[in-house]
2 protein chains.
Amino acid sequence: MANPRSTTRAGRSTGAVTLQRVAEHAGVSIATASRVLHGGGSRTVGEELRRRVESAARELGYVSNAPAQALARSATSVVGLIVHDVADPYFAAIAAGAMRAARRQRLMIMIAATFRDPELEIEYVRSLRAQRARALLLAGSGTDDRSLTDRLAAELAGFREDGGRVACIGERGAGPAVPLDHAGGAARAATELWRLGHRRIGVVAGPAELLTVQQRLAGARQALAQLGGELPDSRVVFADFTRAGGREAALELLAREPGLTAVLALNDVMAAGVLAAVQDDLGRAVPGDVSVVGFDDVPFAVDLRPALTTVRLPLEEAGERAVQLVVEEAPADRPPLGVSLVVRDSTGPAPQR
Amino acid sequence: MANPRSTTRAGRSTGAVTLQRVAEHAGVSIATASRVLHGGGSRTVGEELRRRVESAARELGYVSNAPAQALARSATSVVGLIVHDVADPYFAAIAAGAMRAARRQRLMIMIAATFRDPELEIEYVRSLRAQRARALLLAGSGTDDRSLTDRLAAELAGFREDGGRVACIGERGAGPAVPLDHAGGAARAATELWRLGHRRIGVVAGPAELLTVQQRLAGARQALAQLGGELPDSRVVFADFTRAGGREAALELLAREPGLTAVLALNDVMAAGVLAAVQDDLGRAVPGDVSVVGFDDVPFAVDLRPALTTVRLPLEEAGERAVQLVVEEAPADRPPLGVSLVVRDSTGPAPQR
DNA sequence: CTGTTAGCGCTTTCAT
DNA sequence: ATGAAAGCGCTAACAG
């Protein structure tokens, strides 16, 4: 004989334990059950019934149905986070911060990785919109592609109209943001190099179309100009924001401008590649022959060979702030996150010649 | 029958665009609209109506309501992934693989980070159960705590009863798993060290209660025993699976057993700490004085100083397989993922004495 | 091929 | 304080 979960009255096949069943089991109305099990604080149910409902729920192993709740109250507790690549320590750090904050707010984070495809980013905000996510966090850099940006903006506008909140990590003109001073950081790095006597500095940059890259590059360029130096285009090479990209770019850069005494990598992952290129491929000493500075200060920067001098960005905190921004746990006008230069062993005085 | 909702455009800027509205706008029934907009492939709608519905949806800017769909068909397209810490490259790699596979299946990944708190893991499977996630991926190591394990198992059983699928990355007796040969990998590492002439080998291990740690440790111990060597408890120190943990453990290990010529770190992040301890704190050479081998082969292993010899685990692929396992995109009996030893520069012959 | 019509499980007035 | 009932937006029989 079959062994159904409980005796069924008419046809109604059993299985999932619903609020309905909990209510029956406790001998109360479904409304009451809802109030005790999901009622937000406003305890408006008598002690006796409350107890009965609670034990019924426990006995039956009740688990609330989030989609049903979402439908009924048209609001979910999921926050979408769109990153380029979770395996990239930059995004991993942001995600970690966001998740920490989410836990405090009892929110769930749904992460989508675009693998650097802007089309996918748009597709994902649409998905998250369909999920009726409570908020959306855009962690990746924006692009200077107007059409893409406009389409994204349209999708985000729709999301907001449905009542969703949006926050960006780093300015990208698509809503409130947790500002990240890319330009300032790059300026700090360039200035340090200048101070060390470097006059011929090259830059290994990420994809040229990324706003973040443009801002960092502009910061370095401006600082150098102000100092009386320069950063001609011939000293900048763009590549993927990866270790391989950094390595190739460094090789090209130093082939093109052999006299460079320092290179600024626009992120730490690329810096790792630069270090490999300079030391292993080219057999030059760091910082003896050429100094290298990175950007972001991801966890492994200190373990690089030599330990990387880099611009520190408080990524985890940025992630936390982003969720605070969308759940208004904190005032929107907090002092911006500071960037700082962490001087380690990959930089030194410019070699005499 | 007056529709109370769409009483025209007075006041409120017409609420959400629902299927109902799209249907009206297209002059078809809501069922037809549903069929064209969400109908899975089985095109059973006339060309004419199909076109009308599609353009109506576009004009109105319709976005489907996932929670409503989930409720109606009692199935979602979200897959939960529970990790210890997204910022840890081990989990980041797994997550990246999972997301890549998820995209192909048009699934969304909801990541929950336990920050290494087993209680939280249980809490999160409950949450994901409430979300009616289609599947659950457990990426973290299990524990040898019986009570915790039982409670988790109970929760997972409930999840399965509701129709959810579960997969683990690495065996943990909680359902089908993407096997990861922790023991075999450790054996390979230990054997290599032995081959290089090392006879006094120490181990810097992660938390003792983690199954993964126990398996790796057992693998190393057994290999050594087989070779005629040994791994007494005095040569094993447990600490957090972090850089700091690795560093402290290495310091303690070498203080306790100064004669060690090699140390096996049970993951690469710890290995980074070991390298720092040995070289920077103790001023000993690697691999001249002591050889170091890591575990996992995370991306930065090659950039460590010196480049780390380590056991390679195909983490991204494991993540991909895990989602394939729960959506049965692939047969369950695929050949297990292979582990291999990547020999780099942190290992060398045992020093003569 | 298209429309009707029950629900899916829960929240939330509105009464009592 | 508690219950009855009307939805929330969509899917899936079940007719035509």
# chains A, B, ... in the order shown; residues from 1 in each chain; ligands from 1
call {"tool": "calpha_fit_rmsd", "arguments": {"fixed": "chain A", "moving": "chain B"}}
result
2.6 Å
call {"tool": "interface_residues", "arguments": {"of": "chain B", "to": "chain C", "cutoff": "9 Å", "atoms": "only C-alpha atoms (C1' of nucleotides)", "output": "ChimeraX atom specification"}}
result
/B:28-32,44-46,68,70-74
call {"tool": "interface_residues", "arguments": {"of": "chain D", "to": "chain A", "cutoff": "8 Å", "atoms": "only C-alpha atoms (C1' of nucleotides)", "output": "list in words"}}
result
DA1, DT2, DG3, DC8 and DG9 of chain D
call {"tool": "interface_residues", "arguments": {"of": "chain A", "to": "chain B", "cutoff": "7 Å", "atoms": "only C-alpha atoms", "output": "PyMOL selection string"}}
result
chain A and resi 16+63-68+70-71+86-87+89+92-93+95-96+99+109-113+130-132+162+272+303-305
call {"tool": "write_last_selection", "arguments": {"atoms": "C-alpha atoms", "output": "PDB file, in the first residue's frame"}}
result
ATOM      1  CA  ALA A  16       4.472  19.806   0.175  1.00  0.00           C
ATOM      2  CA  VAL A  63       9.391  25.632   4.996  1.00  0.00           C
ATOM      3  CA  SER A  64       7.943  28.815   3.629  1.00  0.00           C
ATOM      4  CA  ASN A  65       7.565  29.239  -0.073  1.00  0.00           C
ATOM      5  CA  ALA A  66       9.518  32.289  -1.095  1.00  0.00           C
ATOM      6  CA  PRO A  67       8.104  32.559  -4.612  1.00  0.00           C
ATOM      7  CA  ALA A  68       4.592  32.525  -3.226  1.00  0.00           C
ATOM      8  CA  ALA A  70       7.160  37.199  -3.387  1.00  0.00           C
ATOM      9  CA  LEU A  71       4.052  37.035  -5.489  1.00  0.00           C
ATOM     10  CA  VAL A  86      33.983  35.885  -9.821  1.00  0.00           C
ATOM     11  CA  ALA A  87      37.368  34.241 -10.101  1.00  0.00           C
ATOM     12  CA  PRO A  89      40.122  38.622  -6.945  1.00  0.00           C
ATOM     13  CA  ALA A  92      35.695  38.184  -5.413  1.00  0.00           C
ATOM     14  CA  ALA A  93      36.547  40.759  -2.778  1.00  0.00           C
ATOM     15  CA  ALA A  95      31.316  39.888  -3.602  1.00  0.00           C
ATOM     16  CA  ALA A  96      32.616  38.836  -0.220  1.00  0.00           C
ATOM     17  CA  MET A  99      27.627  38.852   1.113  1.00  0.00           C
ATOM     18  CA  ILE A 109      22.776  37.371  -3.141  1.00  0.00           C
ATOM     19  CA  MET A 110      22.336  36.148  -6.661  1.00  0.00           C
ATOM     20  CA  ILE A 111      25.557  36.555  -8.572  1.00  0.00           C
ATOM     21  CA  ALA A 112      25.773  36.748 -12.315  1.00  0.00           C
ATOM     22  CA  ALA A 113      29.067  36.722 -14.141  1.00  0.00           C
ATOM     23  CA  ALA A 130      12.276  39.064 -13.892  1.00  0.00           C
ATOM     24  CA  GLN A 131      13.314  37.603 -10.559  1.00  0.00           C
ATOM     25  CA  ARG A 132      11.955  40.753  -9.016  1.00  0.00           C
ATOM     26  CA  ASP A 162       9.309  48.180 -10.796  1.00  0.00           C
ATOM     27  CA  ALA A 272      51.654  39.686 -11.823  1.00  0.00           C
ATOM     28  CA  ASP A 303      53.090  37.392  -2.010  1.00  0.00           C
ATOM     29  CA  LEU A 304      54.244  38.418  -5.429  1.00  0.00           C
ATOM     30  CA  ARG A 305      57.896  38.366  -6.310  1.00  0.00           C
TER      31      ARG A 305
END
call {"tool": "residues_around", "arguments": {"residues": "Pro176 (chain B)", "least_positions_apart": "2", "cutoff": "10 Å", "atoms": "only C-alpha atoms (C1' of nucleotides)", "output": "ChimeraX atom specification"}}
result
/B:165-174,178-179,322,325-326,332
call {"tool": "select_by_dssp", "arguments": {"residues": "region 8-186 of chain B", "states": "helix (DSSP H, G or I)", "output": "number ranges by chain"}}
result
B: 19-26, 30-38, 47-60, 66-73, 89-104, 118-130, 146-161, 182-186
call {"tool": "residues_around", "arguments": {"residues": "Ala255 (chain B)", "least_positions_apart": "5", "cutoff": "12 Å", "atoms": "only C-alpha atoms (C1' of nucleotides)", "output": "list in words"}}
result
Gly202, Ser234, Arg235, Val237, Glu248, Ala249, Ala250, Leu260, Ala277, Val278, Asp281 and Leu282 of chain B
call {"tool": "closest_residue", "arguments": {"among": "A:Leu341, A:Leu224, A:Val263, A:Ala350", "to": "Leu196 (chain A)", "atoms": "only C-alpha atoms"}}
result
A:Ala350
call {"tool": "residues_around", "arguments": {"residues": "Phe295 (chain B)", "least_positions_apart": "2", "cutoff": "9 Å", "atoms": "only C-alpha atoms (C1' of nucleotides)", "output": "PDB file with N, CA, C and O atoms, in the first residue's frame"}}
result
ATOM      1  N   GLY B 185      46.007  13.175  -4.248  1.00  0.00           N
ATOM      2  CA  GLY B 185      46.834  14.345  -4.508  1.00  0.00           C
ATOM      3  C   GLY B 185      47.914  14.500  -3.437  1.00  0.00           C
ATOM      4  O   GLY B 185      49.081  14.764  -3.748  1.00  0.00           O
ATOM      5  N   ALA B 186      47.485  14.343  -2.204  1.00  0.00           N
ATOM      6  CA  ALA B 186      48.442  14.491  -1.109  1.00  0.00           C
ATOM      7  C   ALA B 186      49.522  13.413  -1.205  1.00  0.00           C
ATOM      8  O   ALA B 186      50.701  13.662  -0.929  1.00  0.00           O
ATOM      9  N   ALA B 189      52.076  14.422  -3.702  1.00  0.00           N
ATOM     10  CA  ALA B 189      52.964  15.452  -3.175  1.00  0.00           C
ATOM     11  C   ALA B 189      54.000  14.846  -2.238  1.00  0.00           C
ATOM     12  O   ALA B 189      55.204  15.118  -2.338  1.00  0.00           O
ATOM     13  N   LEU B 264      54.576  20.349   3.643  1.00  0.00           N
ATOM     14  CA  LEU B 264      53.454  20.235   2.730  1.00  0.00           C
ATOM     15  C   LEU B 264      52.327  21.069   3.319  1.00  0.00           C
ATOM     16  O   LEU B 264      51.883  20.828   4.443  1.00  0.00           O
ATOM     17  N   ALA B 265      51.895  22.068   2.578  1.00  0.00           N
ATOM     18  CA  ALA B 265      50.788  22.904   3.048  1.00  0.00           C
ATOM     19  C   ALA B 265      49.527  22.345   2.414  1.00  0.00           C
ATOM     20  O   ALA B 265      49.522  22.042   1.222  1.00  0.00           O
ATOM     21  N   LEU B 266      48.481  22.212   3.202  1.00  0.00           N
ATOM     22  CA  LEU B 266      47.294  21.575   2.669  1.00  0.00           C
ATOM     23  C   LEU B 266      46.410  22.446   1.785  1.00  0.00           C
ATOM     24  O   LEU B 266      45.367  21.994   1.321  1.00  0.00           O
ATOM     25  N   ASN B 267      46.818  23.686   1.559  1.00  0.00           N
ATOM     26  CA  ASN B 267      46.227  24.426   0.442  1.00  0.00           C
ATOM     27  C   ASN B 267      47.148  25.579   0.069  1.00  0.00           C
ATOM     28  O   ASN B 267      48.061  25.930   0.832  1.00  0.00           O
ATOM     29  N   ASP B 268      46.959  26.126  -1.090  1.00  0.00           N
ATOM     30  CA  ASP B 268      47.888  27.133  -1.603  1.00  0.00           C
ATOM     31  C   ASP B 268      47.879  28.427  -0.815  1.00  0.00           C
ATOM     32  O   ASP B 268      48.897  29.109  -0.685  1.00  0.00           O
ATOM     33  N   VAL B 269      46.717  28.777  -0.312  1.00  0.00           N
ATOM     34  CA  VAL B 269      46.654  30.013   0.456  1.00  0.00           C
ATOM     35  C   VAL B 269      47.533  29.881   1.697  1.00  0.00           C
ATOM     36  O   VAL B 269      48.294  30.781   2.050  1.00  0.00           O
ATOM     37  N   MET B 270      47.458  28.731   2.337  1.00  0.00           N
ATOM     38  CA  MET B 270      48.328  28.492   3.497  1.00  0.00           C
ATOM     39  C   MET B 270      49.780  28.445   3.041  1.00  0.00           C
ATOM     40  O   MET B 270      50.674  28.909   3.746  1.00  0.00           O
ATOM     41  N   ALA B 271      50.001  27.865   1.885  1.00  0.00           N
ATOM     42  CA  ALA B 271      51.368  27.745   1.381  1.00  0.00           C
ATOM     43  C   ALA B 271      52.005  29.133   1.239  1.00  0.00           C
ATOM     44  O   ALA B 271      53.191  29.312   1.508  1.00  0.00           O
ATOM     45  N   VAL B 293      55.482  22.492  -0.642  1.00  0.00           N
ATOM     46  CA  VAL B 293      54.520  22.197  -1.688  1.00  0.00           C
ATOM     47  C   VAL B 293      53.120  22.545  -1.213  1.00  0.00           C
ATOM     48  O   VAL B 293      52.798  22.451  -0.034  1.00  0.00           O
ATOM     49  N   ASP B 297      46.554  24.408  -6.610  1.00  0.00           N
ATOM     50  CA  ASP B 297      47.014  25.149  -7.778  1.00  0.00           C
ATOM     51  C   ASP B 297      46.062  26.259  -8.156  1.00  0.00           C
ATOM     52  O   ASP B 297      45.495  26.283  -9.242  1.00  0.00           O
ATOM     53  N   VAL B 298      45.896  27.172  -7.239  1.00  0.00           N
ATOM     54  CA  VAL B 298      45.076  28.341  -7.539  1.00  0.00           C
ATOM     55  C   VAL B 298      45.892  29.228  -8.469  1.00  0.00           C
ATOM     56  O   VAL B 298      47.108  29.065  -8.580  1.00  0.00           O
ATOM     57  N   THR B 309      55.312  24.669  -6.166  1.00  0.00           N
ATOM     58  CA  THR B 309      55.036  23.304  -6.608  1.00  0.00           C
ATOM     59  C   THR B 309      53.763  22.934  -5.868  1.00  0.00           C
ATOM     60  O   THR B 309      53.655  23.151  -4.660  1.00  0.00           O
ATOM     61  N   THR B 310      52.801  22.413  -6.575  1.00  0.00           N
ATOM     62  CA  THR B 310      51.529  22.160  -5.913  1.00  0.00           C
ATOM     63  C   THR B 310      50.709  21.080  -6.596  1.00  0.00           C
ATOM     64  O   THR B 310      51.022  20.671  -7.719  1.00  0.00           O
ATOM     65  N   VAL B 311      49.694  20.625  -5.895  1.00  0.00           N
ATOM     66  CA  VAL B 311      48.815  19.600  -6.446  1.00  0.00           C
ATOM     67  C   VAL B 311      47.679  20.309  -7.171  1.00  0.00           C
ATOM     68  O   VAL B 311      46.985  21.129  -6.581  1.00  0.00           O
ATOM     69  N   ARG B 312      47.540  20.000  -8.425  1.00  0.00           N
ATOM     70  CA  ARG B 312      46.520  20.693  -9.217  1.00  0.00           C
ATOM     71  C   ARG B 312      45.173  19.996  -9.124  1.00  0.00           C
ATOM     72  O   ARG B 312      45.037  18.807  -9.413  1.00  0.00           O
ATOM     73  N   LEU B 313      44.171  20.790  -8.745  1.00  0.00           N
ATOM     74  CA  LEU B 313      42.809  20.283  -8.700  1.00  0.00           C
ATOM     75  C   LEU B 313      42.032  21.074  -9.746  1.00  0.00           C
ATOM     76  O   LEU B 313      42.086  22.303  -9.769  1.00  0.00           O
ATOM     77  N   LEU B 341      50.441  16.628 -10.096  1.00  0.00           N
ATOM     78  CA  LEU B 341      51.392  17.437  -9.355  1.00  0.00           C
ATOM     79  C   LEU B 341      52.052  18.396 -10.331  1.00  0.00           C
ATOM     80  O   LEU B 341      52.555  17.978 -11.373  1.00  0.00           O
TER      81      LEU B 341
END
call {"tool": "atom_distance", "arguments": {"atom1": "CA of Ala139 (chain B)", "atom2": "CA of Gln215 (chain B)"}}
result
15.7 Å
call {"tool": "atom_distance", "arguments": {"atom1": "CA of Leu308 (chain A)", "atom2": "CA of Val342 (chain A)"}}
result
8.3 Å
call {"tool": "atom_distance", "arguments": {"atom1": "CA of Arg116 (chain B)", "atom2": "CA of Thr242 (chain A)"}}
result
28.9 Å
